[in-house]
Structure formats: C-alpha cells, structure tokens
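S.K.: Got a file for you: my_file_22.pdb, PDB, C-alpha atoms.
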ATOM      1  CA  MET Y1092      -5.011  -0.181  43.476  1.00  0.00           C
ATOM      2  CA  LYS Y1093      -4.329  -0.409  39.732  1.00  0.00           C
ATOM      3  CA  SER Y1094      -6.767  -2.396  37.593  1.00  0.00           C
ATOM      4  CA  GLY Y1095      -7.685  -2.883  33.972  1.00  0.00           C
ATOM      5  CA  ILE Y1096      -6.205  -1.731  30.675  1.00  0.00           C
ATOM      6  CA  ALA Y1097      -6.732   1.912  29.732  1.00  0.00           C
ATOM      7  CA  ILE Y1098      -6.733   3.017  26.086  1.00  0.00           C
ATOM      8  CA  ILE Y1099      -6.135   6.765  26.020  1.00  0.00           C
ATOM      9  CA  ASP Y1100      -8.920   8.578  24.183  1.00  0.00           C
ATOM     10  CA  TYR Y1101      -7.704  11.966  22.973  1.00  0.00           C
ATOM     11  CA  GLY Y1102      -9.491  11.896  19.635  1.00  0.00           C
ATOM     12  CA  MET Y1103      -6.477  10.596  17.692  1.00  0.00           C
ATOM     13  CA  GLY Y1104      -6.690   6.829  17.834  1.00  0.00           C
ATOM     14  CA  ASN Y1105      -8.256   3.894  16.055  1.00  0.00           C
ATOM     15  CA  LEU Y1106      -9.929   3.263  19.374  1.00  0.00           C
ATOM     16  CA  HIS Y1107     -12.638   0.786  18.390  1.00  0.00           C
ATOM     17  CA  SER Y1108     -10.181  -1.452  16.528  1.00  0.00           C
ATOM     18  CA  VAL Y1109      -7.633  -1.282  19.351  1.00  0.00           C
ATOM     19  CA  ALA Y1110     -10.203  -2.029  22.055  1.00  0.00           C
ATOM     20  CA  LYS Y1111     -11.651  -4.926  20.052  1.00  0.00           C
ATOM     21  CA  ALA Y1112      -8.220  -6.474  19.503  1.00  0.00           C
ATOM     22  CA  VAL Y1113      -7.262  -6.112  23.171  1.00  0.00           C
ATOM     23  CA  ALA Y1114     -10.586  -7.641  24.261  1.00  0.00           C
ATOM     24  CA  ARG Y1115      -9.865 -10.617  22.025  1.00  0.00           C
ATOM     25  CA  VAL Y1116      -6.519 -11.386  23.700  1.00  0.00           C
ATOM     26  CA  ALA Y1117      -7.614 -10.374  27.219  1.00  0.00           C
ATOM     27  CA  PRO Y1118     -11.282 -11.425  27.541  1.00  0.00           C
ATOM     28  CA  ASP Y1119     -11.182 -11.334  31.327  1.00  0.00           C
ATOM     29  CA  SER Y1120      -9.629  -7.872  31.579  1.00  0.00           C
ATOM     30  CA  ARG Y1121     -11.484  -4.630  32.161  1.00  0.00           C
ATOM     31  CA  ILE Y1122     -10.788  -2.420  29.127  1.00  0.00           C
ATOM     32  CA  LEU Y1123     -11.375   1.311  29.491  1.00  0.00           C
ATOM     33  CA  VAL Y1124     -11.373   3.741  26.559  1.00  0.00           C
ATOM     34  CA  THR Y1125     -10.977   7.040  28.364  1.00  0.00           C
ATOM     35  CA  GLY Y1126      -9.469  10.510  28.380  1.00  0.00           C
ATOM     36  CA  ASP Y1127      -9.891  10.949  32.114  1.00  0.00           C
ATOM     37  CA  ARG Y1128      -6.501  11.416  33.780  1.00  0.00           C
ATOM     38  CA  ASN Y1129      -7.434   9.771  37.076  1.00  0.00           C
ATOM     39  CA  THR Y1130      -8.971   6.752  35.359  1.00  0.00           C
ATOM     40  CA  ILE Y1131      -5.850   6.314  33.237  1.00  0.00           C
ATOM     41  CA  LEU Y1132      -3.609   6.616  36.293  1.00  0.00           C
ATOM     42  CA  ALA Y1133      -5.631   3.889  38.002  1.00  0.00           C
ATOM     43  CA  ALA Y1134      -5.068   1.397  35.168  1.00  0.00           C
ATOM     44  CA  GLU Y1135      -2.624  -1.485  35.423  1.00  0.00           C
ATOM     45  CA  ARG Y1136      -1.550  -1.112  31.771  1.00  0.00           C
ATOM     46  CA  VAL Y1137      -1.984   1.717  29.283  1.00  0.00           C
ATOM     47  CA  ILE Y1138      -2.155   1.918  25.483  1.00  0.00           C
ATOM     48  CA  PHE Y1139      -1.364   5.238  23.783  1.00  0.00           C
ATOM     49  CA  PRO Y1140      -2.685   4.994  20.193  1.00  0.00           C
ATOM     50  CA  GLY Y1141      -2.528   7.589  17.461  1.00  0.00           C
ATOM     51  CA  VAL Y1142      -3.751   8.275  13.942  1.00  0.00           C
ATOM     52  CA  GLY Y1143      -3.428  11.560  12.063  1.00  0.00           C
ATOM     53  CA  ALA Y1144      -1.216  14.639  12.228  1.00  0.00           C
ATOM     54  CA  ILE Y1145       1.307  15.204  15.028  1.00  0.00           C
ATOM     55  CA  ARG Y1146       0.282  18.859  15.522  1.00  0.00           C
ATOM     56  CA  ASP Y1147      -3.268  17.781  16.326  1.00  0.00           C
ATOM     57  CA  CYS Y1148      -1.950  14.991  18.533  1.00  0.00           C
ATOM     58  CA  MET Y1149       0.284  17.233  20.610  1.00  0.00           C
ATOM     59  CA  GLY Y1150      -2.250  20.073  20.721  1.00  0.00           C
ATOM     60  CA  THR Y1151      -4.991  17.823  22.058  1.00  0.00           C
ATOM     61  CA  LEU Y1152      -2.694  16.204  24.622  1.00  0.00           C
ATOM     62  CA  HIS Y1153      -1.817  19.655  25.986  1.00  0.00           C
ATOM     63  CA  GLU Y1154      -5.443  20.830  25.944  1.00  0.00           C
ATOM     64  CA  MET Y1155      -6.560  17.763  27.884  1.00  0.00           C
ATOM     65  CA  GLY Y1156      -3.701  18.012  30.382  1.00  0.00           C
ATOM     66  CA  LEU Y1157      -2.298  14.653  29.270  1.00  0.00           C
ATOM     67  CA  ALA Y1158       1.049  15.784  27.806  1.00  0.00           C
ATOM     68  CA  THR Y1159       3.032  14.863  30.914  1.00  0.00           C
ATOM     69  CA  LEU Y1160       0.985  11.758  31.654  1.00  0.00           C
ATOM     70  CA  ILE Y1161       2.771   9.267  29.387  1.00  0.00           C
ATOM     71  CA  GLY Y1162       6.116   9.778  31.091  1.00  0.00           C
ATOM     72  CA  GLU Y1163       4.516   9.484  34.527  1.00  0.00           C
ATOM     73  CA  LEU Y1164       2.768   6.261  33.579  1.00  0.00           C
ATOM     74  CA  ALA Y1165       5.893   4.631  32.164  1.00  0.00           C
ATOM     75  CA  GLN Y1166       7.652   5.012  35.509  1.00  0.00           C
ATOM     76  CA  THR Y1167       5.312   2.557  37.206  1.00  0.00           C
ATOM     77  CA  ARG Y1168       3.512   0.337  34.673  1.00  0.00           C
ATOM     78  CA  PRO Y1169       3.661  -1.056  31.118  1.00  0.00           C
ATOM     79  CA  VAL Y1170       2.777   1.433  28.362  1.00  0.00           C
ATOM     80  CA  LEU Y1171       2.299   0.581  24.684  1.00  0.00           C
ATOM     81  CA  ALA Y1172       2.391   3.446  22.151  1.00  0.00           C
ATOM     82  CA  VAL Y1173       1.199   2.883  18.577  1.00  0.00           C
ATOM     83  CA  CYS Y1174       1.878   4.717  15.283  1.00  0.00           C
ATOM     84  CA  VAL Y1175       1.549   8.497  15.895  1.00  0.00           C
ATOM     85  CA  GLY Y1176       1.627   7.587  19.588  1.00  0.00           C
ATOM     86  CA  MET Y1177       5.154   6.276  19.010  1.00  0.00           C
ATOM     87  CA  GLN Y1178       6.159   9.391  17.050  1.00  0.00           C
ATOM     88  CA  ALA Y1179       4.843  11.591  19.865  1.00  0.00           C
ATOM     89  CA  LEU Y1180       7.392  10.025  22.236  1.00  0.00           C
ATOM     90  CA  MET Y1181      10.274  11.541  20.281  1.00  0.00           C
ATOM     91  CA  THR Y1182      11.984  14.924  20.638  1.00  0.00           C
ATOM     92  CA  ARG Y1183      10.602  16.615  17.539  1.00  0.00           C
ATOM     93  CA  SER Y1184       8.741  15.884  14.307  1.00  0.00           C
ATOM     94  CA  ASP Y1185       9.218  17.537  10.919  1.00  0.00           C
ATOM     95  CA  GLU Y1186       5.497  17.189  10.220  1.00  0.00           C
ATOM     96  CA  ASN Y1187       3.356  20.364  10.092  1.00  0.00           C
ATOM     97  CA  ASP Y1188       6.473  22.543   9.638  1.00  0.00           C
ATOM     98  CA  GLY Y1189       8.008  21.183  12.829  1.00  0.00           C
ATOM     99  CA  VAL Y1190       6.357  20.203  16.104  1.00  0.00           C
ATOM    100  CA  ASP Y1191       7.930  19.616  19.516  1.00  0.00           C
ATOM    101  CA  CYS Y1192       6.951  16.221  20.877  1.00  0.00           C
ATOM    102  CA  LEU Y1193       7.077  14.657  24.356  1.00  0.00           C
ATOM    103  CA  ASP Y1194      10.858  14.072  24.294  1.00  0.00           C
ATOM    104  CA  LEU Y1195      10.598  10.852  26.290  1.00  0.00           C
ATOM    105  CA  LEU Y1196      12.940   9.134  23.836  1.00  0.00           C
ATOM    106  CA  PRO Y1197      15.630  11.178  22.039  1.00  0.00           C
ATOM    107  CA  GLY Y1198      15.228  11.275  18.283  1.00  0.00           C
ATOM    108  CA  GLN Y1199      13.547  12.891  15.306  1.00  0.00           C
ATOM    109  CA  VAL Y1200      10.577  12.111  13.087  1.00  0.00           C
ATOM    110  CA  ARG Y1201      11.297  12.572   9.365  1.00  0.00           C
ATOM    111  CA  ARG Y1202       9.209  12.332   6.212  1.00  0.00           C
ATOM    112  CA  PHE Y1203      10.026   9.526   3.779  1.00  0.00           C
ATOM    113  CA  GLN Y1204      12.082  11.036   0.953  1.00  0.00           C
ATOM    114  CA  VAL Y1205      13.327   8.061  -1.065  1.00  0.00           C
ATOM    115  CA  ARG Y1206      11.225   7.062  -4.058  1.00  0.00           C
ATOM    116  CA  GLN Y1207      12.526   3.536  -4.625  1.00  0.00           C
ATOM    117  CA  ASP Y1208      14.000   0.687  -2.659  1.00  0.00           C
ATOM    118  CA  ALA Y1209      17.361  -1.046  -3.180  1.00  0.00           C
ATOM    119  CA  GLY Y1210      15.816  -3.253  -5.861  1.00  0.00           C
ATOM    120  CA  GLY Y1211      14.390  -0.305  -7.782  1.00  0.00           C
ATOM    121  CA  ALA Y1212      10.783  -0.860  -6.724  1.00  0.00           C
ATOM    122  CA  PRO Y1213       8.795   2.361  -6.151  1.00  0.00           C
ATOM    123  CA  CYS Y1214       8.306   3.560  -2.587  1.00  0.00           C
ATOM    124  CA  LYS Y1215       5.039   5.448  -2.446  1.00  0.00           C
ATOM    125  CA  VAL Y1216       4.247   7.791   0.432  1.00  0.00           C
ATOM    126  CA  PRO Y1217       2.508   6.998   2.694  1.00  0.00           C
ATOM    127  CA  HIS Y1218       4.134   3.665   3.435  1.00  0.00           C
ATOM    128  CA  MET Y1219       0.958   1.590   3.536  1.00  0.00           C
ATOM    129  CA  GLY Y1220       0.598  -2.165   3.856  1.00  0.00           C
ATOM    130  CA  TRP Y1221       2.529  -5.171   5.118  1.00  0.00           C
ATOM    131  CA  ASN Y1222       6.272  -5.142   5.673  1.00  0.00           C
ATOM    132  CA  GLN Y1223       8.877  -7.284   7.393  1.00  0.00           C
ATOM    133  CA  VAL Y1224       9.960  -6.255  10.871  1.00  0.00           C
ATOM    134  CA  ARG Y1225      13.491  -7.220  11.918  1.00  0.00           C
ATOM    135  CA  GLN Y1226      13.939  -7.556  15.662  1.00  0.00           C
ATOM    136  CA  ALA Y1227      16.964  -5.593  16.867  1.00  0.00           C
ATOM    137  CA  ARG Y1228      17.097  -7.162  20.331  1.00  0.00           C
ATOM    138  CA  LEU Y1229      15.318  -9.544  22.639  1.00  0.00           C
ATOM    139  CA  HIS Y1230      12.217  -8.292  24.399  1.00  0.00           C
ATOM    140  CA  PRO Y1231       9.255  -9.998  26.114  1.00  0.00           C
ATOM    141  CA  LEU Y1232       6.844  -8.518  23.566  1.00  0.00           C
ATOM    142  CA  TRP Y1233       8.561 -10.510  20.785  1.00  0.00           C
ATOM    143  CA  ASP Y1234       7.813 -13.801  22.550  1.00  0.00           C
ATOM    144  CA  GLY Y1235       6.377 -16.259  20.011  1.00  0.00           C
ATOM    145  CA  ILE Y1236       6.882 -13.833  17.086  1.00  0.00           C
ATOM    146  CA  GLU Y1237       9.479 -14.891  14.517  1.00  0.00           C
ATOM    147  CA  ASP Y1238      12.112 -12.404  13.426  1.00  0.00           C
ATOM    148  CA  GLY Y1239      11.130 -11.024  10.032  1.00  0.00           C
ATOM    149  CA  SER Y1240       7.401 -11.392  10.660  1.00  0.00           C
ATOM    150  CA  ARG Y1241       5.160  -9.015   8.743  1.00  0.00           C
ATOM    151  CA  PHE Y1242       3.106  -6.230  10.317  1.00  0.00           C
ATOM    152  CA  TYR Y1243       0.754  -3.608   8.894  1.00  0.00           C
ATOM    153  CA  PHE Y1244       1.943  -0.002   8.475  1.00  0.00           C
ATOM    154  CA  VAL Y1245       0.257   3.285   7.516  1.00  0.00           C
ATOM    155  CA  HIS Y1246       2.558   6.323   7.834  1.00  0.00           C
ATOM    156  CA  SER Y1247       4.296   9.092   5.895  1.00  0.00           C
ATOM    157  CA  TYR Y1248       6.836   9.926   8.617  1.00  0.00           C
ATOM    158  CA  HIS Y1249       9.336   7.638  10.292  1.00  0.00           C
ATOM    159  CA  VAL Y1250      11.399   7.664  13.484  1.00  0.00           C
ATOM    160  CA  LEU Y1251      15.166   8.104  13.663  1.00  0.00           C
ATOM    161  CA  ALA Y1252      16.162   7.257  17.235  1.00  0.00           C
ATOM    162  CA  GLU Y1253      19.358   8.755  18.655  1.00  0.00           C
ATOM    163  CA  ARG Y1254      20.093   5.767  20.907  1.00  0.00           C
ATOM    164  CA  ALA Y1255      20.597   2.415  19.182  1.00  0.00           C
ATOM    165  CA  GLN Y1256      19.643   0.656  22.419  1.00  0.00           C
ATOM    166  CA  ASP Y1257      16.138   2.166  22.235  1.00  0.00           C
ATOM    167  CA  VAL Y1258      15.425   0.424  18.920  1.00  0.00           C
ATOM    168  CA  ALA Y1259      13.629  -2.879  19.425  1.00  0.00           C
ATOM    169  CA  ALA Y1260      13.052  -3.502  15.714  1.00  0.00           C
ATOM    170  CA  HIS Y1261      13.638  -1.892  12.364  1.00  0.00           C
ATOM    171  CA  CYS Y1262      12.096  -1.999   8.911  1.00  0.00           C
ATOM    172  CA  GLU Y1263      13.165  -1.154   5.358  1.00  0.00           C
ATOM    173  CA  TYR Y1264      11.221   1.114   3.035  1.00  0.00           C
ATOM    174  CA  GLY Y1265      13.821   2.744   0.845  1.00  0.00           C
ATOM    175  CA  VAL Y1266      15.536   3.634   4.110  1.00  0.00           C
ATOM    176  CA  ARG Y1267      15.959   1.785   7.386  1.00  0.00           C
ATOM    177  CA  PHE Y1268      13.740   3.171  10.150  1.00  0.00           C
ATOM    178  CA  ALA Y1269      12.704   2.230  13.676  1.00  0.00           C
ATOM    179  CA  ALA Y1270       9.665  -0.051  13.583  1.00  0.00           C
ATOM    180  CA  ALA Y1271       9.592  -0.492  17.367  1.00  0.00           C
ATOM    181  CA  LEU Y1272      11.186   1.212  20.354  1.00  0.00           C
ATOM    182  CA  ALA Y1273      11.614   0.003  23.913  1.00  0.00           C
ATOM    183  CA  ARG Y1274      12.969   1.388  27.141  1.00  0.00           C
ATOM    184  CA  GLY Y1275      11.992   0.252  30.620  1.00  0.00           C
ATOM    185  CA  ASN Y1276       8.205   0.001  30.896  1.00  0.00           C
ATOM    186  CA  LEU Y1277       7.690   1.689  27.525  1.00  0.00           C
ATOM    187  CA  PHE Y1278       7.221  -0.176  24.245  1.00  0.00           C
ATOM    188  CA  ALA Y1279       6.194   1.525  21.007  1.00  0.00           C
ATOM    189  CA  THR Y1280       5.401   0.349  17.491  1.00  0.00           C
ATOM    190  CA  GLN Y1281       5.186   2.281  14.231  1.00  0.00           C
ATOM    191  CA  PHE Y1282       3.013  -0.524  12.836  1.00  0.00           C
ATOM    192  CA  HIS Y1283      -0.543  -1.216  13.946  1.00  0.00           C
ATOM    193  CA  PRO Y1284      -0.764  -4.412  16.035  1.00  0.00           C
ATOM    194  CA  GLU Y1285      -4.574  -4.251  15.921  1.00  0.00           C
ATOM    195  CA  LYS Y1286      -4.436  -4.517  12.098  1.00  0.00           C
ATOM    196  CA  SER Y1287      -1.638  -7.074  11.925  1.00  0.00           C
ATOM    197  CA  GLN Y1288      -3.662 -10.256  12.351  1.00  0.00           C
ATOM    198  CA  HIS Y1289      -1.917 -13.172  14.116  1.00  0.00           C
ATOM    199  CA  ASN Y1290       1.401 -11.451  14.835  1.00  0.00           C
ATOM    200  CA  GLY Y1291      -0.279  -8.273  16.028  1.00  0.00           C
ATOM    201  CA  LEU Y1292      -2.589 -10.159  18.344  1.00  0.00           C
ATOM    202  CA  ARG Y1293       0.383 -12.095  19.714  1.00  0.00           C
ATOM    203  CA  LEU Y1294       2.182  -8.830  20.491  1.00  0.00           C
ATOM    204  CA  LEU Y1295      -0.925  -7.478  22.236  1.00  0.00           C
ATOM    205  CA  ARG Y1296      -1.260 -10.720  24.198  1.00  0.00           C
ATOM    206  CA  ASN Y1297       2.380 -10.408  25.240  1.00  0.00           C
ATOM    207  CA  PHE Y1298       1.731  -6.834  26.346  1.00  0.00           C
ATOM    208  CA  VAL Y1299      -1.235  -7.907  28.463  1.00  0.00           C
ATOM    209  CA  HIS Y1300       1.029 -10.366  30.317  1.00  0.00           C
ATOM    210  CA  TRP Y1301       4.116  -8.128  30.454  1.00  0.00           C
ATOM    211  CA  ASN Y1302       5.056  -6.668  33.827  1.00  0.00           C
ATOM    212  CA  GLY Y1303       7.450  -4.097  32.394  1.00  0.00           C
ATOM    213  CA  GLY Y1304      11.178  -3.973  31.788  1.00  0.00           C
ATOM    214  CA  ASP Y1305      13.230  -5.899  29.250  1.00  0.00           C
ATOM    215  CA  ALA Y1306      13.220  -9.244  31.017  1.00  0.00           C
TER     216      ALA Y1306
END
Mind turning the file's structure into structure tokens?
M.R.:
Amino acid sequence: MKSGIAIIDYGMGNLHSVAKAVARVAPDSRILVTGDRNTILAAERVIFPGVGAIRDCMGTLHEMGLATLIGELAQTRPVLAVCVGMQALMTRSDENDGVDCLDLLPGQVRRFQVRQDAGGAPCKVPHMGWNQVRQARLHPLWDGIEDGSRFYFVHSYHVLAERAQDVAAHCEYGVRFAAALARGNLFATQFHPEKSQHNGLRLLRNFVHWNGGDA
C-alpha cells in the first residue's frame, strides 16, 4: 500500500528546503527524504529534485540503481521533478561536454547563449532570480496560480522540448525556453517551487492533492 511523499535523496537536491516547503503545505503527510529504492516505490507521491551538474546527477543515479526508477514511478503515481531533476528527464544535455539523460521526455538541454533580451537588457548566465512563467496549457498544478506569475530560477542550461504538447509553461530570458513540462503523471519545473514563496507553495499544495494526469 502506497503512503507518504518521498523526496529522492541522491546527493543532488536542495533537500532540506524542499522537505520544509512540502511539510508546510502537507502537515499531515508523512514526508520521507530517502535514497532507498523500496521506500521510494512505496510512496504515494515522489519529488525528484536536483541542484548541480548533470554528469554528477546521472552518475549518482546509475550508481544508486535509481536511473530507471523515475520512469517506473511515473507509470503509477504523481512525480514532480525540479530544476536539474527536470533536465535529467530529457534525452541529452550539452553540459559537461554532453551527457545522456533519462530520455523520458524527448528533447535537449542547451546552455544559454544570448547576452541580452529583446529590450537590450543584459542576460547574465546563470539565469538567477525571479521571472514570469507563461502557462502553455491547462493543468491541475496551475490551479489558483495566475498566468504570468513569477517564480525563482537558478540555471545556466535550459530545456528545448521536441513535443509542444509536453510544455506546460515557458519563460523568456533572451530566448524562450520550457519552464515546466507535463505528461501523464509527470510534472517538471525548471524553477524552484520551494524558493518561490506563495506561488511555489501553491504549486506544491496542488501537487500534494493531484492524483495524476492532466485533468
């Protein structure tokens, strides 16, 4: 019987901040920060966070025997991937001279190349701070969050999804990129909900009550 919310601990996440934010929106839920495969499989919902380099992310997932786990989980329960966790879902990343990712969603991860936005303002890399997120389609995790709301980003690489229908939101930073992806039981954000104050907490609250799928 599935129970609780598992936050995958593979040494690459802002785990304390994520766990604290989830506990705030789900005070009655059992929250488990764990790298144990069986414990993760027993959870009702799973969060796949990530901070740092994709080579380290993928290497640790393989070493811990968790590389195939995300796809398995998303077949039967809600999964939320965050930041590098979102990038790891893609086919391949240009970071670290090129790294094969999980290939759960077709697409590439590219480094920001543009140095200024359409208005001529400088675009420093990494993209760090608050930015507007434009919702590309309806999804239960956007419930109560206005289109164009601001979320907090920290990243030097961005996702280019092959399938337009996988993009749940986009953002502008000299170039348009996927700020959120969704397919079936899987939802992923390039921004950090745990650092995004009211809107981020609302998204996490929506995730806690989401039973999967787009409706």
S.K.: May I have the residues within 9 Å of Arg1228 of chain Y as a list in words, using only C-alpha atoms and disregarding those fewer than 3 positions away in the same chain?
M.R.: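 Listed by chain and then number, they are Gln1256, Val1258, Ala1259 and Ala1260 of chain Y.
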S.K.: List, as an MDAnalysis selection string, every residue that the PyMOL selection byres ((chain Y and resi 1096-1108) around 9) selects in the file provided.
M.R.: chainID Y and resid 1094:1095 1109:1113 1120:1127 1130:1144 1147:1148 1151:1152 1155 1157 1173 1175:1176 1285:1286 1299
S.K.: Name the closest residue to Glu1237 of chain Y among the candidates Y:Gly1291, Y:Pro1118, Y:Gly1150, Y:Gly1162; distances are taken between atoms, counting all atoms listed in the file.
M.R.: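 Going through Y:Gly1291, Y:Pro1118, Y:Gly1150, Y:Gly1162 one by one, the smallest distance to Glu1237 of chain Y is for Y:Gly1291.
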S.K.: From the set Y:Glu1186, Y:Glu1154, Y:Asp1234, Y:Glu1163, which residue has the shortest atom-to-atom contact distance to Val1250 of chain Y, counting only C-alpha atoms?
M.R.: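 Counting only C-alpha atoms, the residue closest to Val1250 of chain Y is Y:Glu1186.
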S.K.: Specify as a PyMOL selection string each residue included when the PyMOL selection byres ((chain Y and resi 1218-1226) around 7) is applied to this file.
M.R.: chain Y and resi 1215-1217+1227-1228+1238-1247+1259-1262+1270
S.K.: Which is closest to Glu1253 of chain Y among Y:Thr1182, Y:Phe1298, Y:Arg1115, Y:Asn1276, if we use only C-alpha atoms?
M.R.: Y:Thr1182
S.K.: Translate the PyMOL selection byres ((chain Y and resi 1275) around 10), as applied to the file shown, into an explicit residue set as a PyMOL selection string.
M.R.: chain Y and resi 1165-1170+1257+1273-1274+1276-1278+1303-1306
S.K.: Record the distance separating atom CA of Ala1279 of chain Y and atom CA of Arg1206 of chain Y, expressed in Å with one decimal.
M.R.: 26.2 Å
S.K.: Given all atoms listed in the file as the basis, pick out the residue of Y:Leu1295, Y:Val1205, Y:Ala1117, Y:Ile1145 nearest to Leu1180 of chain Y.
M.R.: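 Between Y:Leu1295, Y:Val1205, Y:Ala1117, Y:Ile1145, the residue approaching Leu1180 of chain Y most closely is Y:Ile1145.
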S.K.: Counting only C-alpha atoms, which of Y:Gly1198, Y:Pro1231, Y:Gly1210, Y:Pro1284 gets nearest to Trp1301 of chain Y?
M.R.: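 Of all the options, Y:Pro1231 lies closest to Trp1301 of chain Y.
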S.K.: Mind pulling up the distance from atom CA of His1300 of chain Y to atom CA of Asp1194 of chain Y?
M.R.: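 Atom CA of His1300 of chain Y lies at a distance of 27.0 Å from atom CA of Asp1194 of chain Y.
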S.K.: May I have the residues within 7 Å of Leu1251 of chain Y as a PyMOL selection string, using all atoms listed in the file and disregarding those fewer than 2 positions away in the same chain?
M.R.: chain Y and resi 1198-1200+1249+1253+1268-1269
S.K.: Nearest to Tyr1264 of chain Y among Y:Pro1213, Y:Gly1235, Y:Pro1197, Y:Gly1156, with distances taken over all atoms listed in the file: which residue is it?
M.R.: Y:Pro1213
S.K.: Please compute the atom CA of Ser1287 of chain Y-atom CA of Ala1158 of chain Y distance, one decimal, in Å.
M.R.: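 According to the coordinates, atom CA of Ser1287 of chain Y and atom CA of Ala1158 of chain Y are separated by 28.0 Å.
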S.K.: Would you fill the gaps in segment 1200-1207 of chain Y so it has all heavy atoms, then print it as a short mmCIF file (atom, residue, chain, number, x, y, z; two decimals), in the frame of the given file?
M.R.:
data_model
loop_
_atom_site.label_atom_id
_atom_site.label_comp_id
_atom_site.auth_asym_id
_atom_site.auth_seq_id
_atom_site.Cartn_x
_atom_site.Cartn_y
_atom_site.Cartn_z
N VAL Y 1200 11.54 12.73 13.98
CA VAL Y 1200 10.58 12.11 13.09
C VAL Y 1200 10.69 12.80 11.73
O VAL Y 1200 10.51 14.02 11.63
CB VAL Y 1200 9.14 12.23 13.63
CG1 VAL Y 1200 8.17 11.50 12.71
CG2 VAL Y 1200 9.05 11.66 15.05
N ARG Y 1201 11.03 12.03 10.70
CA ARG Y 1201 11.30 12.57 9.36
C ARG Y 1201 10.31 12.02 8.34
O ARG Y 1201 9.85 10.89 8.47
CB ARG Y 1201 12.72 12.20 8.91
CG ARG Y 1201 13.82 12.57 9.86
CD ARG Y 1201 14.02 14.05 9.96
NE ARG Y 1201 15.27 14.38 10.63
CZ ARG Y 1201 15.48 15.53 11.24
NH1 ARG Y 1201 14.55 16.47 11.25
NH2 ARG Y 1201 16.65 15.76 11.84
N ARG Y 1202 10.05 12.80 7.30
CA ARG Y 1202 9.21 12.33 6.21
C ARG Y 1202 10.02 11.42 5.29
O ARG Y 1202 11.21 11.64 5.07
CB ARG Y 1202 8.66 13.51 5.40
CG ARG Y 1202 7.70 13.08 4.29
CD ARG Y 1202 7.03 14.26 3.61
NE ARG Y 1202 6.25 13.84 2.46
CZ ARG Y 1202 5.02 13.37 2.49
NH1 ARG Y 1202 4.40 13.27 3.67
NH2 ARG Y 1202 4.38 13.01 1.40
N PHE Y 1203 9.37 10.37 4.77
CA PHE Y 1203 10.03 9.53 3.78
C PHE Y 1203 10.37 10.37 2.55
O PHE Y 1203 9.53 11.07 2.01
CB PHE Y 1203 9.10 8.38 3.34
CG PHE Y 1203 8.98 7.26 4.33
CD1 PHE Y 1203 7.80 7.04 5.02
CD2 PHE Y 1203 10.06 6.41 4.57
CE1 PHE Y 1203 7.68 6.00 5.93
CE2 PHE Y 1203 9.96 5.37 5.48
CZ PHE Y 1203 8.76 5.16 6.16
N GLN Y 1204 11.62 10.28 2.12
CA GLN Y 1204 12.08 11.04 0.95
C GLN Y 1204 12.44 10.15 -0.23
O GLN Y 1204 12.31 10.56 -1.38
CB GLN Y 1204 13.31 11.89 1.33
CG GLN Y 1204 13.04 12.92 2.42
CD GLN Y 1204 12.08 14.02 1.97
OE1 GLN Y 1204 11.88 14.25 0.79
NE2 GLN Y 1204 11.48 14.70 2.94
N VAL Y 1205 12.91 8.95 0.03
CA VAL Y 1205 13.33 8.06 -1.06
C VAL Y 1205 12.12 7.60 -1.86
O VAL Y 1205 11.04 7.39 -1.32
CB VAL Y 1205 14.10 6.84 -0.51
CG1 VAL Y 1205 15.48 7.24 -0.07
CG2 VAL Y 1205 13.33 6.18 0.62
N ARG Y 1206 12.32 7.44 -3.16
CA ARG Y 1206 11.22 7.06 -4.06
C ARG Y 1206 11.32 5.63 -4.57
O ARG Y 1206 10.43 5.16 -5.25
CB ARG Y 1206 11.18 8.03 -5.25
CG ARG Y 1206 10.93 9.47 -4.86
CD ARG Y 1206 9.67 9.60 -4.02
NE ARG Y 1206 9.42 10.98 -3.60
CZ ARG Y 1206 8.54 11.33 -2.68
NH1 ARG Y 1206 7.86 10.40 -2.05
NH2 ARG Y 1206 8.36 12.60 -2.37
N GLN Y 1207 12.43 4.94 -4.24
CA GLN Y 1207 12.53 3.54 -4.62
C GLN Y 1207 13.42 2.79 -3.65
O GLN Y 1207 14.26 3.39 -2.98
CB GLN Y 1207 13.06 3.40 -6.05
CG GLN Y 1207 14.46 3.93 -6.27
CD GLN Y 1207 14.88 3.81 -7.73
OE1 GLN Y 1207 14.05 3.85 -8.62
NE2 GLN Y 1207 16.17 3.66 -7.96
#
